[in-house]
Amino acid sequence: MLLLNNTFAPTKQIGMPDFTYDHKIYYNPVEFALHFIGGTWKMPILWRLNQAVMRYGELKKTLPHITHKMLSSQLRELERDKLIVRKVYPVVPPKVEYTISAKGKKVIPVIEVIREYGFAVMKEKGLGSIEKTKKKQAEKK
C-alpha cells in the first residue's frame, strides 16, 4: 500500500522472485551484489588496489584496524570472486602482489557513489571531513 494524499492506495508488487546462489537465498540484486563487495573491508581493499599494485604488508599498513586473519580472509574471497588477482613470484623469500582485476574495476564506480553518499551523510550529521572527525574524537579524550 502506498500513501497518496494521506490515503492508502493499492500498489503493484514491485520486486523480483527470490533466488538461490551457492546454497543461500537472496531477495534482491542489491543483497546479492553486497554478498561480493559488502562488509567493512572489501570495498576499502578494492579502492586501494585500484590506486596501486600492493603487497600484503602494504595493504595492511593502509588498513590499520583490520586483523591479519580478516585481511587474509577478505583477500581470499576477493580472489575467489575474481575481483582481484594474486600473483606469486618464485623467489625466496616469497613475493606476492595483489592487483585489481577488470571485473574488480567495474565495482569502483559503485564504491565512488557509496563514498560520496557517505561524505554527504557525514556532512549532514555535522561530521564534516574525516580530519574533522578525528579532531573531534581527539578533543573528547
# chains A, B, ... in the order shown; residues from 1 in each chain; ligands from 1
>>> select_by_dssp(residues="region 54-133 of chain A", states="helix (DSSP H, G or I)", output="ChimeraX atom specification")
/A:56-62,68-80,102-105,108-124,130-133
>>> write_last_selection(atoms="N, CA and C atoms", output="CSV table (one decimal), in the first residue's frame")
chain,number,residue,atom,x,y,z
A,56,TYR,N,50.9,-7.7,0.5
A,56,TYR,CA,50.1,-7.9,1.7
A,56,TYR,C,50.5,-6.8,2.8
A,57,GLY,N,51.7,-6.7,3.1
A,57,GLY,CA,52.2,-5.8,4.2
A,57,GLY,C,51.8,-4.3,3.9
A,58,GLU,N,51.9,-3.9,2.6
A,58,GLU,CA,51.5,-2.6,2.2
A,58,GLU,C,50.0,-2.3,2.4
A,59,LEU,N,49.2,-3.3,2.0
A,59,LEU,CA,47.7,-3.2,2.3
A,59,LEU,C,47.5,-3.1,3.8
A,60,LYS,N,48.1,-4.0,4.6
A,60,LYS,CA,47.9,-4.0,6.0
A,60,LYS,C,48.2,-2.6,6.6
A,61,LYS,N,49.3,-2.0,6.1
A,61,LYS,CA,49.6,-0.6,6.7
A,61,LYS,C,48.6,0.4,6.4
A,62,THR,N,47.9,0.3,5.2
A,62,THR,CA,46.9,1.3,4.9
A,62,THR,C,45.5,1.0,5.5
A,68,HIS,N,45.1,-9.5,10.8
A,68,HIS,CA,45.8,-10.3,9.8
A,68,HIS,C,44.8,-11.4,9.3
A,69,LYS,N,44.1,-12.0,10.2
A,69,LYS,CA,43.2,-13.0,9.8
A,69,LYS,C,42.1,-12.5,8.9
A,70,MET,N,41.5,-11.4,9.2
A,70,MET,CA,40.5,-10.8,8.4
A,70,MET,C,41.0,-10.3,7.0
A,71,LEU,N,42.2,-9.7,7.0
A,71,LEU,CA,42.7,-9.3,5.7
A,71,LEU,C,43.0,-10.5,4.8
A,72,SER,N,43.6,-11.6,5.4
A,72,SER,CA,43.8,-12.8,4.6
A,72,SER,C,42.5,-13.4,4.1
A,73,SER,N,41.5,-13.4,4.9
A,73,SER,CA,40.2,-13.9,4.5
A,73,SER,C,39.5,-13.1,3.4
A,74,GLN,N,39.6,-11.8,3.6
A,74,GLN,CA,39.0,-10.9,2.6
A,74,GLN,C,39.7,-11.0,1.2
A,75,LEU,N,41.0,-11.1,1.3
A,75,LEU,CA,41.8,-11.2,0.0
A,75,LEU,C,41.5,-12.5,-0.7
A,76,ARG,N,41.3,-13.6,0.1
A,76,ARG,CA,41.0,-14.9,-0.5
A,76,ARG,C,39.6,-14.8,-1.2
A,77,GLU,N,38.6,-14.2,-0.5
A,77,GLU,CA,37.3,-14.1,-1.0
A,77,GLU,C,37.3,-13.2,-2.3
A,78,LEU,N,38.0,-12.1,-2.3
A,78,LEU,CA,38.0,-11.3,-3.4
A,78,LEU,C,38.7,-12.0,-4.6
A,79,GLU,N,39.7,-12.8,-4.3
A,79,GLU,CA,40.4,-13.5,-5.4
A,79,GLU,C,39.5,-14.6,-5.9
A,80,ARG,N,38.8,-15.3,-5.0
A,80,ARG,CA,37.8,-16.4,-5.4
A,80,ARG,C,36.8,-15.8,-6.3
A,102,ALA,N,39.9,-6.7,-14.0
A,102,ALA,CA,39.0,-6.0,-14.9
A,102,ALA,C,37.6,-6.0,-14.2
A,103,LYS,N,37.2,-7.2,-13.7
A,103,LYS,CA,35.9,-7.3,-13.0
A,103,LYS,C,35.9,-6.5,-11.8
A,104,GLY,N,36.9,-6.4,-11.0
A,104,GLY,CA,37.0,-5.5,-9.9
A,104,GLY,C,36.9,-4.1,-10.2
A,105,LYS,N,37.5,-3.7,-11.3
A,105,LYS,CA,37.4,-2.2,-11.8
A,105,LYS,C,36.0,-1.8,-12.0
A,108,ILE,N,34.4,-0.2,-9.0
A,108,ILE,CA,34.9,1.1,-8.5
A,108,ILE,C,33.8,2.3,-8.6
A,109,PRO,N,33.1,2.4,-9.7
A,109,PRO,CA,32.1,3.4,-9.8
A,109,PRO,C,31.0,3.3,-8.7
A,110,VAL,N,30.7,2.0,-8.3
A,110,VAL,CA,29.7,1.8,-7.3
A,110,VAL,C,30.3,2.3,-5.9
A,111,ILE,N,31.5,2.0,-5.7
A,111,ILE,CA,32.2,2.4,-4.5
A,111,ILE,C,32.3,4.0,-4.4
A,112,GLU,N,32.5,4.6,-5.6
A,112,GLU,CA,32.6,6.0,-5.6
A,112,GLU,C,31.3,6.7,-5.2
A,113,VAL,N,30.2,6.1,-5.7
A,113,VAL,CA,28.8,6.6,-5.4
A,113,VAL,C,28.6,6.4,-3.9
A,114,ILE,N,28.9,5.2,-3.3
A,114,ILE,CA,28.7,5.0,-1.9
A,114,ILE,C,29.5,5.9,-1.1
A,115,ARG,N,30.8,6.1,-1.5
A,115,ARG,CA,31.7,7.0,-0.8
A,115,ARG,C,31.2,8.4,-0.8
A,116,GLU,N,30.7,8.9,-1.9
A,116,GLU,CA,30.1,10.3,-1.9
A,116,GLU,C,28.9,10.4,-1.0
A,117,TYR,N,28.1,9.4,-1.0
A,117,TYR,CA,26.9,9.3,-0.2
A,117,TYR,C,27.4,9.4,1.3
A,118,GLY,N,28.4,8.6,1.6
A,118,GLY,CA,28.9,8.6,3.0
A,118,GLY,C,29.4,10.0,3.4
A,119,PHE,N,30.1,10.7,2.5
A,119,PHE,CA,30.6,12.0,2.8
A,119,PHE,C,29.4,13.0,3.0
A,120,ALA,N,28.4,12.8,2.2
A,120,ALA,CA,27.2,13.7,2.3
A,120,ALA,C,26.5,13.5,3.7
A,121,VAL,N,26.4,12.2,4.1
A,121,VAL,CA,25.7,11.9,5.4
A,121,VAL,C,26.6,12.4,6.5
A,122,MET,N,27.9,12.3,6.4
A,122,MET,CA,28.8,12.8,7.4
A,122,MET,C,28.6,14.3,7.6
A,123,LYS,N,28.5,15.0,6.5
A,123,LYS,CA,28.3,16.4,6.5
A,123,LYS,C,27.0,16.8,7.1
A,124,GLU,N,25.9,16.0,6.7
A,124,GLU,CA,24.6,16.2,7.3
A,124,GLU,C,24.6,16.0,8.8
A,130,ILE,N,36.8,13.7,7.3
A,130,ILE,CA,37.4,12.6,8.2
A,130,ILE,C,38.4,13.3,9.1
A,131,GLU,N,39.1,14.3,8.7
A,131,GLU,CA,40.1,15.0,9.5
A,131,GLU,C,39.4,15.7,10.7
A,132,LYS,N,38.2,16.3,10.4
A,132,LYS,CA,37.4,17.0,11.5
A,132,LYS,C,36.9,15.9,12.4
A,133,THR,N,36.5,14.8,11.9
A,133,THR,CA,36.0,13.7,12.8
A,133,THR,C,37.1,13.3,13.7
>>> select_by_dssp(residues="region 27-116 of chain A", states="strand (DSSP E)", output="PyMOL selection string")
chain A and resi 54-55+84-89+95-100
>>> write_last_selection(atoms="C-alpha atoms", output="mmCIF file, in the first residue's frame")
data_model
loop_
_atom_site.group_PDB
_atom_site.id
_atom_site.type_symbol
_atom_site.label_atom_id
_atom_site.label_comp_id
_atom_site.auth_asym_id
_atom_site.auth_seq_id
_atom_site.Cartn_x
_atom_site.Cartn_y
_atom_site.Cartn_z
ATOM 1 C CA MET A 54 50.203 -3.765 -3.446
ATOM 2 C CA ARG A 55 51.806 -6.469 -1.371
ATOM 3 C CA ILE A 84 41.431 -9.174 -7.547
ATOM 4 C CA VAL A 85 44.413 -11.095 -8.898
ATOM 5 C CA ARG A 86 47.063 -12.610 -6.656
ATOM 6 C CA LYS A 87 50.458 -13.010 -8.303
ATOM 7 C CA VAL A 88 53.121 -15.130 -6.611
ATOM 8 C CA TYR A 89 56.721 -14.635 -7.710
ATOM 9 C CA LYS A 95 56.818 -12.281 -3.019
ATOM 10 C CA VAL A 96 53.060 -11.876 -3.550
ATOM 11 C CA GLU A 97 51.339 -8.910 -5.190
ATOM 12 C CA TYR A 98 47.657 -8.080 -5.397
ATOM 13 C CA THR A 99 46.069 -6.172 -8.267
ATOM 14 C CA ILE A 100 42.504 -5.270 -9.069
#
>>> residues_around(residues="Ile37 (chain A)", least_positions_apart="5", cutoff="9 Å", atoms="only C-alpha atoms", output="PDB file with N, CA and C atoms, in the first residue's frame")
ATOM      1  N   LYS A  42      35.984  -5.140   2.221  1.00  0.00           N
ATOM      2  CA  LYS A  42      36.171  -5.432   0.797  1.00  0.00           C
ATOM      3  C   LYS A  42      36.251  -4.185  -0.068  1.00  0.00           C
ATOM      4  N   MET A  43      35.373  -3.235   0.152  1.00  0.00           N
ATOM      5  CA  MET A  43      35.420  -2.017  -0.664  1.00  0.00           C
ATOM      6  C   MET A  43      36.697  -1.210  -0.404  1.00  0.00           C
ATOM      7  N   LEU A  46      39.446  -2.990  -2.348  1.00  0.00           N
ATOM      8  CA  LEU A  46      39.323  -2.746  -3.789  1.00  0.00           C
ATOM      9  C   LEU A  46      39.732  -1.316  -4.142  1.00  0.00           C
ATOM     10  N   LEU A  78      37.959 -12.122  -2.262  1.00  0.00           N
ATOM     11  CA  LEU A  78      38.012 -11.251  -3.437  1.00  0.00           C
ATOM     12  C   LEU A  78      38.698 -11.955  -4.614  1.00  0.00           C
ATOM     13  N   VAL A 107      33.533  -2.439 -10.211  1.00  0.00           N
ATOM     14  CA  VAL A 107      32.933  -2.127  -8.911  1.00  0.00           C
ATOM     15  C   VAL A 107      33.290  -0.712  -8.455  1.00  0.00           C
TER      16      VAL A 107
END
>>> closest_residue(among="A:Pro64, A:Asn50, A:Leu34, A:Asp18", to="Ser101 (chain A)", atoms="only C-alpha atoms")
A:Asn50
